[in-house]
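Colleague: I'm passing along start_7.cif; it holds mmCIF, C-alpha atoms and all ligand atoms.
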```
data_my_file
#
loop_
_atom_site.label_atom_id
_atom_site.label_comp_id
_atom_site.auth_asym_id
_atom_site.auth_seq_id
_atom_site.Cartn_x
_atom_site.Cartn_y
_atom_site.Cartn_z
CA MET R 1 33.70 5.24 13.72
CA SER R 2 32.71 1.95 15.25
CA VAL R 3 35.27 -0.83 15.46
CA ILE R 4 33.85 -4.26 14.81
CA ARG R 5 35.63 -7.54 15.26
CA SER R 6 33.98 -10.90 14.55
CA TYR R 7 35.00 -14.41 15.49
CA ALA R 8 33.35 -17.72 14.61
CA VAL R 9 33.89 -20.51 17.11
CA TRP R 10 34.21 -23.38 14.68
CA ASN R 11 35.61 -26.81 14.23
CA ASN R 12 34.16 -29.30 11.77
CA LYS R 13 33.70 -31.67 14.70
CA GLY R 14 30.88 -32.14 17.18
CA GLY R 15 31.13 -31.86 20.94
CA VAL R 16 34.53 -30.12 21.14
CA GLY R 17 33.09 -27.33 23.30
CA LYS R 18 32.07 -24.67 20.76
CA SER R 19 28.88 -23.65 22.58
CA THR R 20 30.35 -23.85 26.08
CA ILE R 21 33.30 -21.72 24.99
CA THR R 22 30.99 -19.22 23.24
CA PHE R 23 28.93 -18.87 26.44
CA HIS R 24 31.88 -18.42 28.82
CA LEU R 25 33.93 -16.32 26.42
CA ALA R 26 31.12 -13.89 25.53
CA SER R 27 30.00 -13.36 29.13
CA ARG R 28 33.53 -12.95 30.48
CA TYR R 29 34.63 -10.73 27.60
CA ALA R 30 31.60 -8.50 28.14
CA GLU R 31 32.35 -8.22 31.88
CA ALA R 32 35.98 -7.38 31.18
CA HIS R 33 35.10 -4.78 28.49
CA PRO R 34 32.10 -2.84 29.83
CA LYS R 35 32.55 -0.07 27.24
CA LYS R 36 32.18 -2.46 24.30
CA ASN R 37 29.04 -4.13 23.05
CA VAL R 38 29.28 -7.87 22.76
CA LEU R 39 27.01 -9.80 20.41
CA VAL R 40 26.54 -13.55 20.12
CA ILE R 41 25.05 -14.85 16.88
CA ASP R 42 23.93 -18.42 17.36
CA LEU R 43 24.02 -20.12 13.98
CA CYS R 44 23.55 -23.61 15.35
CA PRO R 45 20.00 -25.03 15.28
CA GLN R 46 20.73 -26.78 18.60
CA SER R 47 20.79 -23.27 20.11
CA ASN R 48 22.90 -24.42 23.07
CA SER R 49 24.80 -21.18 23.64
CA SER R 50 21.52 -19.21 23.41
CA MET R 51 19.97 -21.45 26.09
CA MET R 52 22.94 -20.97 28.40
CA LEU R 53 22.98 -17.20 27.88
CA LEU R 54 19.22 -16.87 28.41
CA GLY R 55 19.24 -18.51 31.84
CA GLY R 56 20.43 -22.08 31.31
CA GLY R 57 18.56 -25.34 31.94
CA THR R 58 14.79 -25.35 31.47
CA ILE R 59 14.57 -21.54 31.88
CA GLY R 60 16.97 -20.97 29.00
CA GLU R 61 15.17 -23.56 26.91
CA LYS R 62 11.82 -21.83 27.47
CA ASN R 63 13.22 -18.38 26.70
CA VAL R 64 14.68 -19.66 23.41
CA LEU R 65 11.39 -21.33 22.50
CA ASP R 66 9.45 -18.13 23.27
CA LEU R 67 11.71 -16.12 20.95
CA CYS R 68 11.42 -18.76 18.22
CA THR R 69 7.62 -18.79 18.36
CA GLU R 70 6.99 -15.03 18.19
CA ALA R 71 5.04 -14.03 15.07
CA LEU R 72 8.30 -12.66 13.69
CA PRO R 73 10.90 -14.75 15.55
CA LYS R 74 13.61 -12.74 17.31
CA THR R 75 16.13 -15.25 16.10
CA VAL R 76 18.52 -16.03 13.26
CA VAL R 77 15.56 -17.57 11.41
CA GLY R 78 13.40 -14.43 11.84
CA TYR R 79 16.20 -12.31 10.40
CA LEU R 80 17.15 -14.67 7.57
CA SER R 81 13.58 -15.26 6.43
CA THR R 82 12.87 -11.51 6.42
CA VAL R 83 15.96 -10.79 4.31
CA ILE R 84 15.44 -13.68 1.90
CA ALA R 85 11.72 -12.94 1.49
CA GLY R 86 12.60 -9.28 0.74
CA GLY R 87 14.91 -10.36 -2.07
CA ALA R 88 18.36 -9.13 -3.06
CA GLY R 89 18.63 -5.35 -3.13
CA ALA R 90 15.73 -4.73 -0.68
CA PRO R 91 16.61 -2.48 2.29
CA LEU R 92 17.88 -4.56 5.21
CA PRO R 93 15.73 -4.75 8.36
CA ASN R 94 16.93 -3.06 11.55
CA PRO R 95 19.13 -5.63 13.35
CA PHE R 96 17.78 -4.45 16.72
CA ASN R 97 14.32 -5.75 15.76
CA PHE R 98 15.83 -9.21 16.10
CA VAL R 99 18.54 -8.92 18.73
CA VAL R 100 17.79 -9.24 22.45
CA ASN R 101 19.67 -7.82 25.40
CA VAL R 102 20.72 -10.87 27.40
CA LYS R 103 20.38 -9.17 30.79
CA SER R 104 16.66 -8.62 30.30
CA TYR R 105 16.28 -12.43 30.32
CA ASN R 106 19.11 -13.37 32.66
CA LYS R 107 19.92 -10.83 35.39
CA GLU R 108 23.31 -12.46 36.09
CA MET R 109 24.64 -11.26 32.77
CA PRO R 110 26.42 -7.97 32.01
CA LYS R 111 24.26 -5.32 30.35
CA ASN R 112 26.50 -4.93 27.28
CA LEU R 113 25.79 -8.47 26.05
CA TYR R 114 23.38 -9.03 23.13
CA LEU R 115 22.14 -12.14 21.36
CA LEU R 116 20.75 -13.02 17.97
CA CYS R 117 19.17 -16.19 19.25
CA GLY R 118 19.56 -19.66 17.73
CA ASP R 119 16.50 -21.36 16.29
CA GLY R 120 15.76 -25.05 15.61
CA ASN R 121 13.92 -24.02 12.45
CA LEU R 122 17.28 -23.22 10.88
CA GLU R 123 17.43 -26.92 9.96
CA PRO R 124 14.12 -27.15 8.03
CA MET R 125 14.86 -23.72 6.56
CA ALA R 126 18.23 -24.82 5.16
CA PRO R 127 16.91 -25.93 1.72
CA ALA R 128 15.27 -22.51 1.27
CA ILE R 129 18.57 -20.76 2.09
CA SER R 130 20.47 -23.02 -0.32
CA GLY R 131 17.78 -22.44 -2.96
CA ALA R 132 18.11 -18.65 -2.62
CA ALA R 133 21.91 -18.93 -2.92
CA ALA R 134 21.67 -21.15 -6.01
CA ALA R 135 19.20 -18.88 -7.87
CA PRO R 136 20.45 -17.65 -11.25
CA ALA R 137 21.94 -14.15 -11.33
CA LEU R 138 19.49 -11.77 -13.03
CA THR R 139 21.96 -8.90 -13.24
CA PRO R 140 25.76 -9.05 -13.37
CA SER R 141 26.11 -7.04 -10.16
CA MET R 142 23.72 -9.10 -8.02
CA GLN R 143 25.08 -12.58 -7.44
CA PRO R 144 22.59 -14.53 -5.28
CA TRP R 145 25.32 -16.80 -3.87
CA VAL R 146 27.28 -13.79 -2.61
CA TRP R 147 24.19 -11.96 -1.35
CA VAL R 148 23.08 -14.95 0.75
CA HIS R 149 26.58 -15.65 2.06
CA LYS R 150 26.96 -12.03 3.13
CA VAL R 151 23.66 -11.91 5.07
CA PHE R 152 25.33 -12.02 8.48
CA SER R 153 28.41 -9.96 7.64
CA GLU R 154 25.98 -7.24 6.47
CA PHE R 155 23.98 -7.73 9.69
CA ILE R 156 27.14 -7.19 11.75
CA LYS R 157 28.14 -4.16 9.67
CA ASN R 158 24.66 -2.73 10.12
CA ILE R 159 24.56 -3.19 13.88
CA GLY R 160 27.80 -1.20 14.10
CA THR R 161 26.27 1.74 12.25
CA GLN R 162 23.22 2.02 14.55
CA GLU R 163 25.15 3.85 17.27
CA GLU R 164 28.07 6.12 16.48
CA ASN R 165 31.45 5.15 17.95
CA SER R 166 30.18 1.94 19.47
CA ASP R 167 32.69 -0.90 19.40
CA TRP R 168 31.34 -4.40 18.85
CA MET R 169 32.88 -7.76 19.56
CA VAL R 170 30.93 -10.52 17.84
CA PHE R 171 31.13 -14.23 18.62
CA ILE R 172 29.36 -16.68 16.33
CA ASP R 173 28.49 -20.16 17.56
CA THR R 174 28.39 -22.80 14.83
CA ASN R 175 27.15 -26.29 14.05
CA PRO R 176 29.71 -29.01 13.38
CA SER R 177 28.19 -29.95 10.00
CA PHE R 178 29.25 -27.78 7.08
CA SER R 179 25.68 -27.04 6.09
CA ILE R 180 24.55 -23.83 4.44
CA TYR R 181 24.06 -22.04 7.77
CA THR R 182 27.63 -22.96 8.80
CA GLU R 183 28.82 -21.51 5.49
CA LEU R 184 26.94 -18.32 6.43
CA ALA R 185 28.52 -18.31 9.90
CA VAL R 186 32.03 -18.74 8.54
CA SER R 187 31.44 -16.11 5.85
CA ALA R 188 30.38 -13.58 8.49
CA ALA R 189 33.51 -13.90 10.62
CA GLN R 190 36.85 -12.18 10.20
CA ARG R 191 38.62 -14.75 12.34
CA LEU R 192 38.23 -18.26 13.72
CA ILE R 193 38.51 -19.62 17.22
CA THR R 194 39.00 -23.37 16.81
CA PRO R 195 38.44 -25.65 19.79
CA VAL R 196 40.18 -29.04 19.70
CA ASN R 197 40.21 -31.97 22.09
CA ALA R 198 43.17 -34.26 22.58
CA ASP R 199 41.97 -37.03 20.28
CA ASP R 200 42.55 -38.21 16.73
CA SER R 201 39.13 -37.16 15.44
CA SER R 202 39.82 -33.57 16.52
CA ARG R 203 43.16 -33.60 14.73
CA VAL R 204 41.63 -35.04 11.55
CA ALA R 205 38.80 -32.49 11.69
CA THR R 206 41.29 -29.60 11.50
CA ASN R 207 42.51 -30.90 8.13
CA ALA R 208 38.90 -31.21 6.96
CA MET R 209 38.39 -27.57 7.98
CA PHE R 210 41.18 -26.38 5.69
CA ILE R 211 39.72 -28.35 2.77
CA LEU R 212 36.23 -26.96 3.40
CA LEU R 213 37.52 -23.39 3.60
CA HIS R 214 40.25 -23.38 0.99
CA GLY R 215 39.58 -26.39 -1.25
CA GLN R 216 41.47 -29.50 -2.14
CA THR R 217 44.50 -29.78 -4.43
CA PRO R 218 43.74 -31.09 -6.98
CA PRO R 219 39.99 -30.35 -6.74
CA HIS R 220 37.58 -33.29 -6.74
CA PRO R 221 36.76 -34.02 -10.44
CA ILE R 222 32.98 -33.89 -9.90
CA TYR R 223 32.17 -31.94 -6.73
CA GLY R 224 35.22 -29.67 -6.89
CA SER R 225 33.43 -26.83 -8.66
CA TRP R 226 30.35 -26.83 -6.40
CA THR R 227 32.07 -26.47 -3.08
CA PHE R 228 31.96 -23.49 -0.76
CA ALA R 229 35.72 -23.10 -1.25
CA ALA R 230 35.38 -22.97 -5.06
CA GLN R 231 32.48 -20.49 -4.94
CA ALA R 232 34.23 -18.32 -2.35
CA GLN R 233 37.32 -18.15 -4.58
CA LYS R 234 35.20 -17.42 -7.65
CA TYR R 235 33.46 -14.49 -5.95
CA SER R 236 36.46 -13.36 -3.83
CA LEU R 237 34.58 -13.89 -0.60
CA ARG R 238 36.81 -13.31 2.42
CA ILE R 239 37.72 -16.55 4.24
CA PRO R 240 38.37 -16.16 7.98
CA ALA R 241 41.81 -17.11 9.29
CA ILE R 242 42.48 -19.17 12.40
CA HIS R 243 43.38 -16.78 15.21
CA VAL R 244 43.48 -19.10 18.17
CA ILE R 245 43.32 -22.85 18.70
CA VAL R 246 41.75 -23.74 22.03
CA GLY R 247 42.88 -27.05 23.48
CA ASN R 248 39.68 -27.73 25.38
CA ARG R 249 39.23 -29.99 28.44
CA LEU R 250 42.93 -30.59 28.45
CA THR R 251 43.16 -31.97 31.95
CA GLN R 252 40.38 -34.50 31.28
CA TYR R 253 43.00 -37.13 30.53
CA GLU R 254 45.30 -36.41 33.44
CA GLY R 255 45.27 -40.09 34.37
CA ALA R 256 46.63 -40.97 30.94
CA ALA R 257 49.10 -38.13 30.73
CA THR R 258 51.49 -39.74 28.25
CA ALA R 259 48.82 -40.71 25.73
CA PHE R 260 47.21 -37.31 26.14
CA LYS R 261 50.46 -35.48 25.51
CA ALA R 262 51.19 -37.56 22.40
CA LEU R 263 47.75 -36.79 20.95
CA SER R 264 47.91 -33.13 21.80
CA ASP R 265 51.39 -32.85 20.25
CA ALA R 266 50.11 -34.62 17.11
CA THR R 267 47.34 -32.02 16.72
CA ALA R 268 49.82 -29.17 17.18
CA ASP R 269 52.12 -30.81 14.59
CA THR R 270 49.27 -31.11 12.08
CA LEU R 271 48.38 -27.46 12.50
CA TYR R 272 51.99 -26.31 12.38
CA THR R 273 52.49 -28.26 9.13
CA ALA R 274 49.46 -26.46 7.67
CA PHE R 275 50.85 -23.15 8.93
CA LYS R 276 54.25 -23.69 7.27
CA LYS R 277 52.59 -24.52 3.95
CA HIS R 278 49.85 -21.89 4.11
CA PRO R 279 50.62 -19.10 6.60
CA LYS R 280 47.64 -17.15 5.17
CA TYR R 281 45.26 -19.71 6.68
CA PHE R 282 46.20 -18.15 10.03
CA THR R 283 46.05 -14.55 11.24
CA LYS R 284 49.29 -12.60 11.21
CA LYS R 285 50.84 -12.23 14.67
CA LYS R 286 53.30 -9.66 15.96
CA ASP R 287 56.09 -12.22 16.28
CA GLU R 288 56.39 -14.60 13.38
CA ALA R 289 56.18 -18.28 14.43
CA LYS R 290 59.46 -19.89 13.39
CA ASN R 291 59.15 -23.30 15.02
CA LEU R 292 56.58 -25.52 16.69
CA GLU R 293 57.16 -23.93 20.08
CA THR R 294 56.71 -20.33 18.91
CA PHE R 295 53.72 -21.46 16.80
CA ARG R 296 52.09 -22.86 19.94
CA GLN R 297 52.80 -19.67 21.86
CA ALA R 298 51.33 -17.52 19.11
CA TYR R 299 48.23 -19.57 18.29
CA ALA R 300 47.35 -22.07 21.03
CA VAL R 301 45.79 -21.71 24.43
CA ALA R 302 44.94 -24.47 26.87
CA LEU R 303 41.52 -24.45 28.48
CA ARG R 304 41.54 -26.95 31.31
CA ASP R 305 38.59 -29.16 32.07
CA PHE R 306 36.02 -26.94 33.74
CA ASN R 307 34.94 -29.79 35.96
CA THR R 308 31.87 -29.14 38.07
CA ALA R 309 32.30 -25.36 38.32
CA GLY R 310 32.11 -24.59 34.59
CA VAL R 311 29.44 -27.15 33.84
CA VAL R 312 27.15 -25.96 36.69
CA SER R 313 27.76 -22.36 35.65
CA ALA R 314 26.69 -23.14 32.06
CA HIS R 315 23.70 -25.17 33.27
CA LEU R 316 22.50 -22.27 35.42
CA GLY R 317 23.35 -19.67 32.79
CA ARG R 318 25.50 -17.89 35.35
CA PRO R 319 28.86 -16.39 34.45
CA LEU R 320 31.80 -17.79 36.38
CA SER R 321 32.25 -14.44 38.13
CA LYS R 322 28.88 -14.95 39.85
CA MET R 323 29.66 -18.47 41.08
CA GLU R 324 30.51 -18.61 44.76
CA GLN R 325 31.48 -21.64 46.75
CA GLY R 326 28.39 -23.62 47.71
CA TYR R 327 25.72 -26.03 46.64
CA TYR R 328 23.76 -25.49 43.43
CA PRO R 329 20.61 -27.21 42.15
CA VAL R 330 21.11 -29.33 39.02
CA HIS R 331 18.01 -31.32 37.99
CA GLY R 332 16.99 -32.21 41.54
CA LEU R 333 20.55 -32.75 42.82
CA ASN R 334 22.53 -30.40 45.05
CA VAL R 335 25.97 -30.12 43.51
CA LYS R 336 28.94 -28.68 45.40
CA VAL R 337 31.04 -26.07 43.63
CA ASN R 338 34.45 -25.32 45.06
CA ALA R 339 35.80 -21.73 45.03
CA ASP R 340 39.30 -22.85 43.98
CA ARG R 341 37.89 -24.61 40.92
CA VAL R 342 35.92 -21.49 39.94
CA LYS R 343 39.11 -19.44 40.17
CA GLU R 344 41.00 -21.96 38.01
CA CYS R 345 38.29 -21.84 35.33
CA SER R 346 38.18 -18.03 35.36
CA ASP R 347 41.98 -17.80 35.10
CA ALA R 348 41.96 -20.22 32.15
CA LEU R 349 39.28 -18.14 30.41
CA ASP R 350 41.26 -14.97 30.97
CA GLU R 351 44.19 -16.60 29.19
CA LEU R 352 41.93 -17.14 26.18
CA ILE R 353 40.58 -13.58 26.37
CA LYS R 354 44.14 -12.24 26.08
CA PHE R 355 44.12 -13.62 22.51
CA ILE R 356 40.91 -11.81 21.56
CA ASP R 357 41.69 -8.39 20.13
N1 LIG L 1 36.21 -27.14 29.30
C1 LIG L 1 35.20 -28.01 29.57
N2 LIG L 1 35.16 -28.66 30.77
C2 LIG L 1 34.19 -29.53 31.06
N3 LIG L 1 33.19 -29.86 30.25
C3 LIG L 1 33.17 -29.27 29.04
C4 LIG L 1 34.16 -28.31 28.64
N4 LIG L 1 33.85 -27.89 27.38
C5 LIG L 1 32.74 -28.56 27.04
N5 LIG L 1 32.32 -29.38 28.02
C6 LIG L 1 31.17 -30.30 28.00
O1 LIG L 1 31.26 -31.07 26.79
C7 LIG L 1 29.98 -31.24 26.20
C8 LIG L 1 30.00 -30.69 24.77
O2 LIG L 1 30.22 -29.28 24.83
P1 LIG L 1 29.50 -28.28 23.82
O3 LIG L 1 28.05 -28.56 23.73
O4 LIG L 1 29.94 -26.92 24.20
O5 LIG L 1 30.22 -28.74 22.47
P2 LIG L 1 29.88 -28.26 20.99
O6 LIG L 1 31.16 -28.29 20.24
O7 LIG L 1 29.13 -26.99 21.02
O8 LIG L 1 28.91 -29.44 20.51
P3 LIG L 1 28.07 -29.47 19.13
O9 LIG L 1 29.06 -29.84 18.07
O10 LIG L 1 27.03 -30.51 19.39
O11 LIG L 1 27.49 -28.10 18.92
C9 LIG L 1 28.99 -30.53 27.12
O12 LIG L 1 28.41 -31.47 27.98
C10 LIG L 1 29.84 -29.55 27.91
O13 LIG L 1 29.32 -29.31 29.21
MG MG L 2 27.26 -26.53 20.16
#
```
Let me see whether you can do it: turn the structure in this file into structure tokens.
Modeller:
Amino acid sequence: MSVIRSYAVWNNKGGVGKSTITFHLASRYAEAHPKKNVLVIDLCPQSNSSMMLLGGGTIGEKNVLDLCTEALPKTVVGYLSTVIAGGAGAPLPNPFNFVVNVKSYNKEMPKNLYLLCGDGNLEPMAPAISGAAAAPALTPSMQPWVWVHKVFSEFIKNIGTQEENSDWMVFIDTNPSFSIYTELAVSAAQRLITPVNADDSSRVATNAMFILLHGQTPPHPIYGSWTFAAQAQKYSLRIPAIHVIVGNRLTQYEGAATAFKALSDATADTLYTAFKKHPKYFTKKKDEAKNLETFRQAYAVALRDFNTAGVVSAHLGRPLSKMEQGYYPVHGLNVKVNADRVKECSDALDELIKFID
């Protein structure tokens, strides 16, 4: 029996580090767990994590474009359009016709890392996906909304059945807008990894996330019945629970330590208030969180600012483990990377990986 675990890296807020975290987390997790298969599904049309994984910079960009422009794209769009064109009930295509092994594009990467590549055409395709989900049900057992929203959870289930006893860890990168493809990403994941920055917009976005996932009380008089949350409840679709909150770039504000601490505490407070009211919005942990401090220990991890080391590593599509002290080319500049900084970034990532089970 294969064991499959799936995480979406999601916050309803742009630029909090979703793609950077997906890149570093997937590559480091794969290195640390050579016996497991690791899959990244890039459900953001910006395809940033795909570009980093497939070599970074202009190389990664070209590799993504090549996959997107194949006759049958080896991307999320290739898979989605094949499934939707086949119609509900048609046999599902082999996931491996669409997934690529990252190492065959980027030799720095571990061989157990796979990618269902992002694709800019996800954006123009969105109305077609929404249209398929909104189609009337022709039989009681085949609900188009459920079928479309389960496309990627079925994909993940299917990839696990291709090889016996193969364990899969799946990370899904998302877009900050709650568009149809983000609904699909969230519906495919068992758990959420939620990056936050130490600012008010990040804190507010976490409340918006709960409303998008679980609905508003009382529901909006007009839109309330159309929402993802309402449909998910109607069809008993599983909603992923927050497993870990990643305070990202936390040392960015070192110069303004007091303001930073106040903002970071405010975000933790907001989340702890949600936890007290709705513990089911969060995964169950071994030790029950009884106060703000134990809540933080159970659910929050601090990822320091990666500074030059992490940013150069993502730009070059090179895992942190392959970064040595020295100068690296970044768009015509030679940028110095310090070994101590690389070690700090790797240690911070390992702290996050301890949460991933
Ligand atoms: N820990 C970090 N240290 C330093 N820079 C970081 C860190 N995390 C993210 N960044 C930088 O912040 C910017 C935004 O990161 P990223 O693209 O990963 O965010 P995102 O949440 O995926 O954005 P979007 O919502 O547009 O998809 C990038 O320039 C990235 O290099
Ligand atoms: Mg992104």
Colleague: Work out how far atom CA of Thr270 of chain R is from atom CA of Phe171 of chain R, in Å to one decimal.
Modeller: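 Spanning atom CA of Phe171 of chain R to atom CA of Thr270 of chain R is a straight-line distance of 25.6 Å.
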Colleague: When distances are computed from only C-alpha atoms and all ligand atoms, which of R:Thr69, R:Asn307, R:Ser201, R:Thr227 shows the smallest separation from ligand LIG 1 (chain L)?
Modeller: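 Nearest candidate to ligand LIG 1 (chain L) out of R:Thr69, R:Asn307, R:Ser201, R:Thr227: R:Asn307.
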Colleague: Dump the neighbourhood of ligand MG 2 (chain L) as a list in words: all residues within 9 Å, distances computed on only C-alpha atoms and all ligand atoms.
Modeller: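 Final answer, ordered by chain and number: Gly14, Gly15, Val16, Gly17, Lys18, Ser19, Thr20, Thr22, Cys44, Pro45, Gln46, Ser47, Asn48, Ser49, Asp173, Thr174, Asn175 and Pro176 of chain R.
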Colleague: For those residues, write C-alpha atoms to a file as a PDB file, in the coordinates of the input.
Modeller:
```pdb
ATOM      1  CA  GLY R  14      30.880 -32.140  17.180  1.00  0.00           C
ATOM      2  CA  GLY R  15      31.130 -31.860  20.940  1.00  0.00           C
ATOM      3  CA  VAL R  16      34.530 -30.120  21.140  1.00  0.00           C
ATOM      4  CA  GLY R  17      33.090 -27.330  23.300  1.00  0.00           C
ATOM      5  CA  LYS R  18      32.070 -24.670  20.760  1.00  0.00           C
ATOM      6  CA  SER R  19      28.880 -23.650  22.580  1.00  0.00           C
ATOM      7  CA  THR R  20      30.350 -23.850  26.080  1.00  0.00           C
ATOM      8  CA  THR R  22      30.990 -19.220  23.240  1.00  0.00           C
ATOM      9  CA  CYS R  44      23.550 -23.610  15.350  1.00  0.00           C
ATOM     10  CA  PRO R  45      20.000 -25.030  15.280  1.00  0.00           C
ATOM     11  CA  GLN R  46      20.730 -26.780  18.600  1.00  0.00           C
ATOM     12  CA  SER R  47      20.790 -23.270  20.110  1.00  0.00           C
ATOM     13  CA  ASN R  48      22.900 -24.420  23.070  1.00  0.00           C
ATOM     14  CA  SER R  49      24.800 -21.180  23.640  1.00  0.00           C
ATOM     15  CA  ASP R 173      28.490 -20.160  17.560  1.00  0.00           C
ATOM     16  CA  THR R 174      28.390 -22.800  14.830  1.00  0.00           C
ATOM     17  CA  ASN R 175      27.150 -26.290  14.050  1.00  0.00           C
ATOM     18  CA  PRO R 176      29.710 -29.010  13.380  1.00  0.00           C
TER      19      PRO R 176
END
```
Colleague: Give me, as a PyMOL selection string, all polymer residues having an atom no more than 9 Å from Ile159 of chain R, counting all atoms listed in the file and skipping those fewer than 3 positions away in the same chain.
Modeller: chain R and resi 94-96+154-156+162-163+168
Colleague: What does the distance between atom CA of Val170 of chain R and atom CA of Ile21 of chain R come to in Å, to one decimal place?
Modeller: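 Result for atom CA of Val170 of chain R versus atom CA of Ile21 of chain R: 13.5 Å, one decimal.
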